[in-house]
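Structure first, commentary second.
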Amino acid sequence: MMDNRLINVAVGKEAADLIIRGGTLVNVHTRELYQADVSIANNRIAGVGVLPQGAMGPNTRVIDAKGRYLAPGFIDAHIHFESSMLSYTEFVNTVLPLGTTCVASDLMEVTIVSGLEGLHAILKESRGLPVTLKYPVPSFMGDESAFQTTGSILNAGMIEQLLQLPEAVGLAEVLVPPILAGSAESQHVLKLARSLGKTAEGHAPATGGPALHAYASTGIRSDHESTTKEEALEKLRNGLRVLMREGAASTDLRACLRAITEEGIDTRHCAMVSDDVDALHLYTYGHMDHKIRLAIEAGVDPVTAIQMATINPAESLKIDDLHGSVSPGKYADIVLLTSLQSCSIDAVVAKGSLLVQDGKLMKPFVQGEYAEVLLHTVHFKRELKPGDLLIRAENGANRATVKVIGSSPVSLLTEARTADVEVQHGYLASDVEQDVLHIACVERYGKKGTVGKAFIRGFGLKRGAVATSVGHDHHNITVVGTNAEDMLLAVNRVRELEGAIVIVDNGRVVGELALPIAGLLSTLSGSEVAKIQHQLVDAMKALGCSMPSPFMTLSFITLIFIPDYGITDIGLFAVKDFSIVDPVISWRHA
């Protein structure tokens with residue numbers, strides 16, 4: 001879109017609003033470093049390099065960038081911002097000082113709970129904030145009521161409407177199983193995205209060989225699920241852009257970077273993303289700046305690492321017309337760094353305004369009122385009893401061999417495991433010595449009153465229970481524990497708080513974080529949420545759990561699209577069979 005004022009400032013006929021002078025430009029187009037001045041008008045970049053004399057006027061603000069590097073604002077091409085447990089406004093307050101000026105988030109978590117009205121409430125909140133929210137439209141929120149209960153679904157007609165939104169960049173997380181099954185709905189939305197010139201971002205965990213060939217043939221543009229060098233390399237060789245993930249519970253970046261550092265591949269189709277990070281992770285490590293540092297530590301050239309957080313994700317999302325580089329016509333999103341090697345952020349200019357100075361946000365953005373549709377979203381159809389959370393034993397049985405969800409502290413993938421457990425008081429019992437704990441998932445939309453039950457290994461609890469209303473992709477209440485009484489107390493406390501993380505030990509609540517916005521987000525500041533999350537991790541350690549991000553891990557145990565097992569309010573889900581399965585393999589009788 002032609003902007004006459006931008007043109008006039010570029011040639012010196014009009015004065016710029018802001019000039020950044022004397023910095024060393026990180027040119028992500030050419031991989032060069034050189035001194036350049038930058039002129040800005042109407043929140044966009046007019047000129048880069050030697051500026052005409054007329055660009056400076058009496059009202060032009062000047063930032064002296066001598067001794068600092070000028071990098072493009074960082075872009076996270078795949079993040080579920082809701083996993084931060086912050087409102088979008090507070091998320092912006094948290095990530096802007098870390099150099100992030102644009103994120104792509106499909107808002108699926110809020111939409112699952114509160115439908116299109118909730119989705120539009122978040123988009124409305126984001127408009128006018130300096131961290132641009134791009135919206136990849138969820139491609140798989142169909143009617144899966146046979147497997148899980150949700151607050152809302154999306155159909156092909158709704159997706160078609162959502163793709164017309166100004167924030168919409170394309171489709172999010174196009175799944176492998178419907179593609180391989182020849183889904184007519186998937187074909188329809190892919191064709192629609194293509195006709196609109198928009199992207200189709202992928203979701204292909206542990207996919208290779210002929211299945212990957214078939215998947216890539218549909219025009220899927222990217223994938224963020226690679227967990228090994230080999231998987232990343234195969235996807236790159238098949239034309240997919242690989243979005244290397246470093247989240248709170250899925251730390252795959254180092255493994256994927258080996259495709260670059262060991263194989264010497266061209267990095268133009270490589271980017272780095274978060275997928276899911278909580279506030280504690282953001283405050284402890286950082287956001288995209290953290291990933292840039294990890295890449296540099298792994299042996300990636302610093303400018304290349306910055307490309308993987310700027311121009312590469314911008315091109316993947318097809319938003320490089322306005323984002324991803326410090327060049328004329330782009331939004332004036334510029335990060336001033338004191339060091340490339342350590343990605344040390346000194347200042348941030350976003351949409352042409354200096355908003356971060358000396359590494360700190362100059363003035364936090366204030367959250368407005370929350371839309372009613374985002375509140376009061378936890379409803380039970382019936383009152384629960386302790387036994388409702390356990391698996392009732394077959395008459396006369398004293399033991400059973402059961403399927404067990406094998407969870408990991410560093411990966412979203414689960415393992416299909418088995419264990420032998422005892423019957424106590426008519427129900428299957430947990431076994432803390434084997435680290436085989438109860439897991440239950442309670443429907444929270446007041447629709448069915450269903451409770452899915454199984455066993456899980458990996459959390460290591462020796463006593464107590466933990467419950468959360470955050471659970472992809474249905475966000476029912478999931479609880480893990482050693483005994484039914486503590487589990488029920490935790491679930492009921494989540495209900496009272498209208499969404500929360502709650503930890504219980506021996507009949508007493510020992511930690512909680514209220515999440516009253518859709519049962520997903522807090523009303524507190526980022527620093528307050530991070531502090532409470534730290535306290536909750538410590539409370540989990542006291543109960544025997546050594547996972548670095550136990551709540552993020554638990555929130556993905558509920559996902560029915562990542563192998564091997566998931567848990568929903570309907571029951572234990574076997575991903576490879578794509579069906580609900582009996583958690584009991586066999587009973588033994590005395």
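Residue numbers start at 1 in each chain; chains themselves are named A, B, ... in the order of the structure tokens; ligands are numbered from 1 in the order shown.
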
Considering only C-alpha atoms, give me a table of residues in stretch 454-511 of chain A that are at most 8 Å from stretch 128-151 of chain A, with the closest atom pair and distance in Å for each, as a tab-separated table.
```
residue	atom	partner	partner_atom	distance
A:His474	CA	A:Thr150	CA	5.0
A:His475	CA	A:Thr150	CA	7.2
A:Asn476	CA	A:Thr150	CA	7.6
```

Cut-off 9 Å: closest stretch 436-512 of chain A/stretch 402-413 of chain A atom pairs per residue, using only C-alpha atoms, as a Markdown table:
```
| residue | atom | partner | partner_atom | distance |
| --- | --- | --- | --- | --- |
| A:Val436 | CA | A:Val404 | CA | 7.5 |
| A:Leu437 | CA | A:Val404 | CA | 8.9 |
| A:Ala454 | CA | A:Val404 | CA | 7.1 |
| A:Phe455 | CA | A:Val404 | CA | 5.0 |
| A:Ile456 | CA | A:Ile405 | CA | 4.5 |
| A:Arg457 | CA | A:Gly406 | CA | 5.1 |
| A:Gly458 | CA | A:Ser407 | CA | 5.1 |
| A:Phe459 | CA | A:Ser407 | CA | 7.5 |
```

Could those residues be written to a file, using C-alpha atoms, as an mmCIF file, in the first residue's frame?
```
data_model
loop_
_atom_site.group_PDB
_atom_site.id
_atom_site.type_symbol
_atom_site.label_atom_id
_atom_site.label_comp_id
_atom_site.auth_asym_id
_atom_site.auth_seq_id
_atom_site.Cartn_x
_atom_site.Cartn_y
_atom_site.Cartn_z
ATOM 1 C CA VAL A 436 1.805 -45.271 38.789
ATOM 2 C CA LEU A 437 -0.699 -42.588 39.742
ATOM 3 C CA ALA A 454 -6.685 -44.020 33.727
ATOM 4 C CA PHE A 455 -3.148 -44.252 35.150
ATOM 5 C CA ILE A 456 -0.049 -42.158 34.506
ATOM 6 C CA ARG A 457 3.670 -42.472 35.142
ATOM 7 C CA GLY A 458 6.298 -39.711 35.247
ATOM 8 C CA PHE A 459 4.988 -37.228 37.791
#
```

Selection near A:Thr304, 9 Å with only C-alpha atoms, sequence-local residues under 3 positions removed, as a PDB file with N, CA and C atoms, in the first residue's frame:
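Written out: part-v7.pdb:
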```
ATOM      1  N   VAL A  28      19.077  -8.723   7.787  1.00  0.00           N
ATOM      2  CA  VAL A  28      18.708 -10.142   7.703  1.00  0.00           C
ATOM      3  C   VAL A  28      18.449 -10.583   6.271  1.00  0.00           C
ATOM      4  N   ARG A  31      22.649 -10.778   5.438  1.00  0.00           N
ATOM      5  CA  ARG A  31      23.526 -11.273   6.513  1.00  0.00           C
ATOM      6  C   ARG A  31      24.732 -10.362   6.722  1.00  0.00           C
ATOM      7  N   THR A 267      19.654 -22.402   6.049  1.00  0.00           N
ATOM      8  CA  THR A 267      18.737 -22.133   7.163  1.00  0.00           C
ATOM      9  C   THR A 267      17.539 -21.270   6.779  1.00  0.00           C
ATOM     10  N   ARG A 268      17.379 -20.962   5.485  1.00  0.00           N
ATOM     11  CA  ARG A 268      16.328 -20.011   5.119  1.00  0.00           C
ATOM     12  C   ARG A 268      14.933 -20.537   5.411  1.00  0.00           C
ATOM     13  N   ILE A 296      22.880 -19.633  19.269  1.00  0.00           N
ATOM     14  CA  ILE A 296      24.267 -19.165  19.221  1.00  0.00           C
ATOM     15  C   ILE A 296      25.164 -20.076  20.046  1.00  0.00           C
ATOM     16  N   VAL A 300      25.390 -21.759  16.050  1.00  0.00           N
ATOM     17  CA  VAL A 300      24.797 -21.033  14.932  1.00  0.00           C
ATOM     18  C   VAL A 300      25.336 -19.602  14.925  1.00  0.00           C
ATOM     19  N   ASP A 301      25.653 -19.094  13.748  1.00  0.00           N
ATOM     20  CA  ASP A 301      26.109 -17.716  13.621  1.00  0.00           C
ATOM     21  C   ASP A 301      25.056 -16.768  14.189  1.00  0.00           C
ATOM     22  N   GLN A 307      18.053 -14.176  12.048  1.00  0.00           N
ATOM     23  CA  GLN A 307      17.199 -14.449  10.889  1.00  0.00           C
ATOM     24  C   GLN A 307      16.110 -15.460  11.239  1.00  0.00           C
ATOM     25  N   MET A 308      16.465 -16.456  12.055  1.00  0.00           N
ATOM     26  CA  MET A 308      15.524 -17.514  12.408  1.00  0.00           C
ATOM     27  C   MET A 308      14.435 -17.035  13.368  1.00  0.00           C
ATOM     28  N   ALA A 309      14.560 -15.811  13.854  1.00  0.00           N
ATOM     29  CA  ALA A 309      13.535 -15.235  14.730  1.00  0.00           C
ATOM     30  C   ALA A 309      12.933 -13.975  14.127  1.00  0.00           C
TER      31      ALA A 309
END
```

Task: Neighbour list for A:Val103 as number ranges by chain, cut-off 6 Å, only C-alpha atoms, skip fewer than 2 positions in-chain - done: A: 75-77, 133

Open item on the list: To test your reading of the structure, identify every residue in stretch 16-236 of chain A that backbone DSSP assigns to strand (DSSP E or B), and report it as an MDAnalysis selection string.
Closed with: chainID A and resid 18:27 32:41 44:49 61:64 69:72 74:76 79 100:104 132:138 168:175 199:203 222:223

TODO: Write out as a list in words the residues lying within 8 Å of A:Ala71, counting only C-alpha atoms and excluding same-chain residues fewer than 3 positions away.
DONE: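 Near neighbours after the sequence-gap exclusion: Leu25, Val26, Asn27, Ile306, Ser325, Val326, Ile334, Val335, Leu336 and Leu337 of chain A.
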
Can you spit out the residues from that selection as a compact mmCIF listing (two decimals), in the first residue's frame, using all heavy atoms?
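File written: part-v9.txt
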```txt
# COMPACT_ATOMS: atom_id res chain seq x y z
N LEU A 25 23.49 -1.93 11.75
CA LEU A 25 22.31 -2.65 11.26
C LEU A 25 22.60 -4.14 11.10
O LEU A 25 23.61 -4.53 10.52
CB LEU A 25 21.87 -2.07 9.91
CG LEU A 25 20.65 -2.74 9.26
CD1 LEU A 25 19.40 -2.46 10.07
CD2 LEU A 25 20.50 -2.27 7.82
N VAL A 26 21.69 -4.95 11.60
CA VAL A 26 21.70 -6.39 11.34
C VAL A 26 20.80 -6.61 10.13
O VAL A 26 19.58 -6.65 10.26
CB VAL A 26 21.21 -7.20 12.54
CG1 VAL A 26 21.28 -8.70 12.24
CG2 VAL A 26 22.02 -6.87 13.80
N ASN A 27 21.40 -6.71 8.96
CA ASN A 27 20.61 -6.86 7.74
C ASN A 27 20.31 -8.33 7.52
O ASN A 27 21.19 -9.11 7.12
CB ASN A 27 21.35 -6.28 6.54
CG ASN A 27 20.44 -6.15 5.33
OD1 ASN A 27 19.68 -7.06 5.00
ND2 ASN A 27 20.51 -5.00 4.66
N ILE A 306 19.40 -14.69 14.43
CA ILE A 306 18.43 -13.60 14.40
C ILE A 306 17.51 -13.74 13.18
O ILE A 306 16.31 -13.49 13.27
CB ILE A 306 19.15 -12.24 14.42
CG1 ILE A 306 19.77 -12.00 15.81
CG2 ILE A 306 18.20 -11.10 14.06
CD1 ILE A 306 20.64 -10.78 15.90
N SER A 325 12.14 -7.46 8.97
CA SER A 325 13.43 -6.84 8.65
C SER A 325 13.37 -5.35 8.91
O SER A 325 12.29 -4.75 8.97
CB SER A 325 13.81 -7.11 7.19
OG SER A 325 12.94 -6.44 6.31
N VAL A 326 14.54 -4.76 9.07
CA VAL A 326 14.66 -3.31 9.16
C VAL A 326 14.91 -2.81 7.75
O VAL A 326 16.05 -2.72 7.28
CB VAL A 326 15.79 -2.90 10.12
CG1 VAL A 326 15.88 -1.37 10.21
CG2 VAL A 326 15.58 -3.50 11.50
N ILE A 334 11.91 -2.44 15.95
CA ILE A 334 13.38 -2.51 15.96
C ILE A 334 13.86 -2.78 17.38
O ILE A 334 13.43 -2.11 18.33
CB ILE A 334 13.99 -1.21 15.42
CG1 ILE A 334 13.49 -0.94 13.99
CG2 ILE A 334 15.52 -1.26 15.45
CD1 ILE A 334 13.86 0.42 13.45
N VAL A 335 14.75 -3.74 17.52
CA VAL A 335 15.34 -4.09 18.81
C VAL A 335 16.78 -3.59 18.83
O VAL A 335 17.56 -3.90 17.93
CB VAL A 335 15.32 -5.62 19.03
CG1 VAL A 335 15.90 -5.96 20.40
CG2 VAL A 335 13.90 -6.15 18.92
N LEU A 336 17.12 -2.80 19.83
CA LEU A 336 18.48 -2.28 19.99
C LEU A 336 19.23 -3.18 20.96
O LEU A 336 18.82 -3.33 22.13
CB LEU A 336 18.47 -0.84 20.50
CG LEU A 336 18.17 0.24 19.46
CD1 LEU A 336 16.70 0.19 19.00
CD2 LEU A 336 18.48 1.63 20.00
N LEU A 337 20.29 -3.80 20.47
CA LEU A 337 21.06 -4.78 21.23
C LEU A 337 22.43 -4.22 21.59
O LEU A 337 23.09 -3.58 20.76
CB LEU A 337 21.25 -6.07 20.43
CG LEU A 337 20.00 -6.77 19.90
CD1 LEU A 337 20.37 -7.82 18.88
CD2 LEU A 337 19.23 -7.38 21.05
```

9 Å contact set for stretch 540-551 of chain A, only C-alpha atoms, chain neighbours under 5 positions out, as a PDB file with N, CA and C atoms, in the first residue's frame:
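Ended up saving to out.pdb:
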```pdb
ATOM      1  N   ALA A 248       8.165 -24.658  27.262  1.00  0.00           N
ATOM      2  CA  ALA A 248       8.433 -24.942  28.670  1.00  0.00           C
ATOM      3  C   ALA A 248       8.540 -26.443  28.930  1.00  0.00           C
ATOM      4  N   ALA A 249       7.709 -27.240  28.236  1.00  0.00           N
ATOM      5  CA  ALA A 249       7.719 -28.690  28.449  1.00  0.00           C
ATOM      6  C   ALA A 249       8.189 -29.455  27.229  1.00  0.00           C
ATOM      7  N   ASP A 278       5.006 -20.801  29.711  1.00  0.00           N
ATOM      8  CA  ASP A 278       4.253 -20.129  30.763  1.00  0.00           C
ATOM      9  C   ASP A 278       5.009 -18.887  31.231  1.00  0.00           C
ATOM     10  N   HIS A 281       8.505 -19.426  32.719  1.00  0.00           N
ATOM     11  CA  HIS A 281       9.540 -19.638  31.706  1.00  0.00           C
ATOM     12  C   HIS A 281       9.958 -18.300  31.105  1.00  0.00           C
ATOM     13  N   SER A 408       6.624 -37.370  29.813  1.00  0.00           N
ATOM     14  CA  SER A 408       8.032 -36.971  29.731  1.00  0.00           C
ATOM     15  C   SER A 408       8.187 -35.534  30.217  1.00  0.00           C
ATOM     16  N   PRO A 409       9.286 -35.227  30.901  1.00  0.00           N
ATOM     17  CA  PRO A 409       9.512 -33.843  31.346  1.00  0.00           C
ATOM     18  C   PRO A 409      10.034 -32.931  30.251  1.00  0.00           C
ATOM     19  N   VAL A 410      10.432 -33.473  29.082  1.00  0.00           N
ATOM     20  CA  VAL A 410      11.062 -32.652  28.042  1.00  0.00           C
ATOM     21  C   VAL A 410      10.388 -32.777  26.682  1.00  0.00           C
ATOM     22  N   GLY A 458       5.389 -40.797  35.598  1.00  0.00           N
ATOM     23  CA  GLY A 458       6.298 -39.711  35.247  1.00  0.00           C
ATOM     24  C   GLY A 458       6.231 -38.524  36.178  1.00  0.00           C
ATOM     25  N   PHE A 459       5.120 -38.387  36.903  1.00  0.00           N
ATOM     26  CA  PHE A 459       4.988 -37.228  37.791  1.00  0.00           C
ATOM     27  C   PHE A 459       5.648 -37.440  39.151  1.00  0.00           C
ATOM     28  N   GLY A 460       5.765 -38.679  39.580  1.00  0.00           N
ATOM     29  CA  GLY A 460       6.553 -38.981  40.773  1.00  0.00           C
ATOM     30  C   GLY A 460       5.958 -38.582  42.096  1.00  0.00           C
ATOM     31  N   LEU A 461       4.685 -38.237  42.154  1.00  0.00           N
ATOM     32  CA  LEU A 461       4.089 -37.829  43.424  1.00  0.00           C
ATOM     33  C   LEU A 461       4.123 -38.972  44.434  1.00  0.00           C
ATOM     34  N   LYS A 462       4.529 -38.661  45.636  1.00  0.00           N
ATOM     35  CA  LYS A 462       4.508 -39.635  46.732  1.00  0.00           C
ATOM     36  C   LYS A 462       3.255 -39.496  47.578  1.00  0.00           C
ATOM     37  N   ARG A 463       2.612 -38.334  47.459  1.00  0.00           N
ATOM     38  CA  ARG A 463       1.358 -38.083  48.170  1.00  0.00           C
ATOM     39  C   ARG A 463       0.669 -36.908  47.490  1.00  0.00           C
ATOM     40  N   GLY A 464      -0.623 -36.703  47.831  1.00  0.00           N
ATOM     41  CA  GLY A 464      -1.328 -35.531  47.351  1.00  0.00           C
ATOM     42  C   GLY A 464      -1.846 -35.640  45.935  1.00  0.00           C
ATOM     43  N   ALA A 465      -2.221 -34.464  45.376  1.00  0.00           N
ATOM     44  CA  ALA A 465      -2.826 -34.408  44.045  1.00  0.00           C
ATOM     45  C   ALA A 465      -2.649 -33.017  43.465  1.00  0.00           C
ATOM     46  N   VAL A 466      -2.758 -32.920  42.140  1.00  0.00           N
ATOM     47  CA  VAL A 466      -2.730 -31.646  41.428  1.00  0.00           C
ATOM     48  C   VAL A 466      -3.818 -31.657  40.370  1.00  0.00           C
ATOM     49  N   ALA A 467      -4.559 -30.560  40.272  1.00  0.00           N
ATOM     50  CA  ALA A 467      -5.629 -30.448  39.287  1.00  0.00           C
ATOM     51  C   ALA A 467      -5.474 -29.137  38.524  1.00  0.00           C
ATOM     52  N   THR A 468      -5.915 -29.142  37.251  1.00  0.00           N
ATOM     53  CA  THR A 468      -5.836 -27.947  36.417  1.00  0.00           C
ATOM     54  C   THR A 468      -7.000 -27.900  35.441  1.00  0.00           C
ATOM     55  N   VAL A 470      -6.584 -26.322  32.614  1.00  0.00           N
ATOM     56  CA  VAL A 470      -5.907 -26.142  31.330  1.00  0.00           C
ATOM     57  C   VAL A 470      -5.576 -27.518  30.781  1.00  0.00           C
ATOM     58  N   ILE A 501      -5.068 -23.756  38.778  1.00  0.00           N
ATOM     59  CA  ILE A 501      -4.178 -24.870  39.120  1.00  0.00           C
ATOM     60  C   ILE A 501      -4.236 -24.990  40.633  1.00  0.00           C
ATOM     61  N   ILE A 503      -3.020 -27.480  44.059  1.00  0.00           N
ATOM     62  CA  ILE A 503      -2.240 -28.587  44.626  1.00  0.00           C
ATOM     63  C   ILE A 503      -2.761 -28.877  46.027  1.00  0.00           C
ATOM     64  N   ASP A 505      -2.406 -31.518  49.520  1.00  0.00           N
ATOM     65  CA  ASP A 505      -1.596 -32.486  50.265  1.00  0.00           C
ATOM     66  C   ASP A 505      -2.318 -32.846  51.555  1.00  0.00           C
ATOM     67  N   GLN A 535       6.226 -20.917  43.068  1.00  0.00           N
ATOM     68  CA  GLN A 535       5.812 -21.511  44.338  1.00  0.00           C
ATOM     69  C   GLN A 535       5.105 -22.848  44.117  1.00  0.00           C
ATOM     70  N   PHE A 556      -0.794 -31.116  28.430  1.00  0.00           N
ATOM     71  CA  PHE A 556      -0.707 -31.794  27.137  1.00  0.00           C
ATOM     72  C   PHE A 556      -1.009 -33.282  27.225  1.00  0.00           C
TER      73      PHE A 556
END
```

Task: Residue contacts of A:Ile19 (10 Å, only C-alpha atoms) excluding same-chain residues fewer than 5 positions away, as a PyMOL selection string - done: chain A and resi 37-41+45-48+51+55-56+60-65+352

Kindly export the residues of the current selection with N, CA, C and O atoms, as a PDB file, in the first residue's frame.
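Wrote it out as selection-v3.pdb, contents follow:
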```pdb
ATOM      1  N   ASP A  37      21.614   4.673   9.519  1.00  0.00           N
ATOM      2  CA  ASP A  37      20.583   5.424  10.215  1.00  0.00           C
ATOM      3  C   ASP A  37      19.222   4.954   9.710  1.00  0.00           C
ATOM      4  O   ASP A  37      19.094   4.475   8.576  1.00  0.00           O
ATOM      5  N   VAL A  38      18.215   5.103  10.534  1.00  0.00           N
ATOM      6  CA  VAL A  38      16.860   4.674  10.171  1.00  0.00           C
ATOM      7  C   VAL A  38      15.895   5.820  10.427  1.00  0.00           C
ATOM      8  O   VAL A  38      15.872   6.390  11.525  1.00  0.00           O
ATOM      9  N   SER A  39      15.097   6.148   9.416  1.00  0.00           N
ATOM     10  CA  SER A  39      14.051   7.161   9.588  1.00  0.00           C
ATOM     11  C   SER A  39      12.693   6.481   9.624  1.00  0.00           C
ATOM     12  O   SER A  39      12.443   5.490   8.930  1.00  0.00           O
ATOM     13  N   ILE A  40      11.792   7.042  10.438  1.00  0.00           N
ATOM     14  CA  ILE A  40      10.485   6.426  10.692  1.00  0.00           C
ATOM     15  C   ILE A  40       9.399   7.483  10.568  1.00  0.00           C
ATOM     16  O   ILE A  40       9.533   8.605  11.063  1.00  0.00           O
ATOM     17  N   ALA A  41       8.315   7.107   9.903  1.00  0.00           N
ATOM     18  CA  ALA A  41       7.144   7.975   9.788  1.00  0.00           C
ATOM     19  C   ALA A  41       5.892   7.120   9.747  1.00  0.00           C
ATOM     20  O   ALA A  41       5.871   6.053   9.121  1.00  0.00           O
ATOM     21  N   ILE A  45       8.998   2.258   8.525  1.00  0.00           N
ATOM     22  CA  ILE A  45      10.352   2.672   8.183  1.00  0.00           C
ATOM     23  C   ILE A  45      10.350   3.351   6.821  1.00  0.00           C
ATOM     24  O   ILE A  45       9.835   2.804   5.842  1.00  0.00           O
ATOM     25  N   ALA A  46      10.925   4.546   6.781  1.00  0.00           N
ATOM     26  CA  ALA A  46      11.004   5.295   5.518  1.00  0.00           C
ATOM     27  C   ALA A  46      12.337   5.073   4.828  1.00  0.00           C
ATOM     28  O   ALA A  46      12.402   4.777   3.643  1.00  0.00           O
ATOM     29  N   GLY A  47      13.427   5.212   5.578  1.00  0.00           N
ATOM     30  CA  GLY A  47      14.741   5.081   4.977  1.00  0.00           C
ATOM     31  C   GLY A  47      15.711   4.348   5.885  1.00  0.00           C
ATOM     32  O   GLY A  47      15.592   4.407   7.111  1.00  0.00           O
ATOM     33  N   VAL A  48      16.679   3.675   5.262  1.00  0.00           N
ATOM     34  CA  VAL A  48      17.715   2.947   6.004  1.00  0.00           C
ATOM     35  C   VAL A  48      19.042   3.193   5.305  1.00  0.00           C
ATOM     36  O   VAL A  48      19.173   2.942   4.098  1.00  0.00           O
ATOM     37  N   LEU A  51      20.693   9.066   5.294  1.00  0.00           N
ATOM     38  CA  LEU A  51      19.407   9.727   5.154  1.00  0.00           C
ATOM     39  C   LEU A  51      19.575  11.111   4.526  1.00  0.00           C
ATOM     40  O   LEU A  51      20.580  11.786   4.754  1.00  0.00           O
ATOM     41  N   ALA A  55      15.180  14.816   6.089  1.00  0.00           N
ATOM     42  CA  ALA A  55      14.532  13.861   6.994  1.00  0.00           C
ATOM     43  C   ALA A  55      14.541  14.341   8.435  1.00  0.00           C
ATOM     44  O   ALA A  55      13.729  13.900   9.246  1.00  0.00           O
ATOM     45  N   MET A  56      15.457  15.247   8.756  1.00  0.00           N
ATOM     46  CA  MET A  56      15.543  15.776  10.114  1.00  0.00           C
ATOM     47  C   MET A  56      14.793  17.096  10.191  1.00  0.00           C
ATOM     48  O   MET A  56      15.062  18.019   9.426  1.00  0.00           O
ATOM     49  N   THR A  60      11.523  16.207  14.995  1.00  0.00           N
ATOM     50  CA  THR A  60      11.973  14.819  14.844  1.00  0.00           C
ATOM     51  C   THR A  60      12.684  14.366  16.113  1.00  0.00           C
ATOM     52  O   THR A  60      13.623  15.020  16.584  1.00  0.00           O
ATOM     53  N   ARG A  61      12.242  13.242  16.647  1.00  0.00           N
ATOM     54  CA  ARG A  61      12.922  12.669  17.814  1.00  0.00           C
ATOM     55  C   ARG A  61      14.093  11.836  17.341  1.00  0.00           C
ATOM     56  O   ARG A  61      14.002  11.143  16.323  1.00  0.00           O
ATOM     57  N   VAL A  62      15.201  11.887  18.080  1.00  0.00           N
ATOM     58  CA  VAL A  62      16.412  11.166  17.694  1.00  0.00           C
ATOM     59  C   VAL A  62      16.823  10.209  18.807  1.00  0.00           C
ATOM     60  O   VAL A  62      16.861  10.580  19.984  1.00  0.00           O
ATOM     61  N   ILE A  63      17.102   8.974  18.417  1.00  0.00           N
ATOM     62  CA  ILE A  63      17.679   7.986  19.335  1.00  0.00           C
ATOM     63  C   ILE A  63      19.120   7.760  18.907  1.00  0.00           C
ATOM     64  O   ILE A  63      19.390   7.387  17.761  1.00  0.00           O
ATOM     65  N   ASP A  64      20.045   8.017  19.809  1.00  0.00           N
ATOM     66  CA  ASP A  64      21.461   7.782  19.529  1.00  0.00           C
ATOM     67  C   ASP A  64      21.749   6.298  19.774  1.00  0.00           C
ATOM     68  O   ASP A  64      21.729   5.829  20.915  1.00  0.00           O
ATOM     69  N   ALA A  65      21.999   5.558  18.691  1.00  0.00           N
ATOM     70  CA  ALA A  65      22.209   4.108  18.795  1.00  0.00           C
ATOM     71  C   ALA A  65      23.680   3.724  18.678  1.00  0.00           C
ATOM     72  O   ALA A  65      23.989   2.547  18.461  1.00  0.00           O
ATOM     73  N   GLY A 352       6.999   2.216  15.642  1.00  0.00           N
ATOM     74  CA  GLY A 352       7.528   3.570  15.555  1.00  0.00           C
ATOM     75  C   GLY A 352       7.674   4.310  16.857  1.00  0.00           C
ATOM     76  O   GLY A 352       8.089   5.476  16.849  1.00  0.00           O
TER      77      GLY A 352
END
```

- [ ] Please give the complete set of residues from stretch 166-246 of chain A that DSSP, run on the backbone, assigns to alpha helix (DSSP H), formatted as a PyMOL selection string.
- [x] chain A and resi 176-180+184-195+209-216+229-237

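The residue that comes closest to A:Ala121, out of A:Phe74, A:Tyr370, A:Tyr283, A:Phe91 and on the basis of only C-alpha atoms, is A:Tyr370.
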
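Counting from atom CA of A:Val451, the distance to atom CA of A:Gly571 is 7.1 Å.
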
TODO: Calculate how many Å separate atom CA of A:Leu294 from atom CA of A:Arg254, rounding to one decimal.
DONE: 7.5 Å

- [ ] In Å, rounded to a single decimal, give me how far atom CA of A:Leu243 is from atom CA of A:Ser217.
- [x]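 Those two atoms sit 18.4 Å apart.
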
Open item on the list: Measuring between only C-alpha atoms, which one of A:Met552, A:Cys102, A:Ala419, A:Leu515 shows the shortest distance to A:Gly324?
Closed with: A:Cys102

- [ ] May I ask which of the residues A:Leu513, A:Val189, A:Val303, A:Met158 is the closest one to A:Gln533, counting only C-alpha atoms?
- [x]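 Among the listed residues, A:Leu513 lies closest to A:Gln533.
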
TODO: Go through A:Phe81, A:Ala271, A:Thr227, A:Asn238 and flag the residue nearest A:Cys256, using only C-alpha atoms for the distances.
DONE: A:Thr227
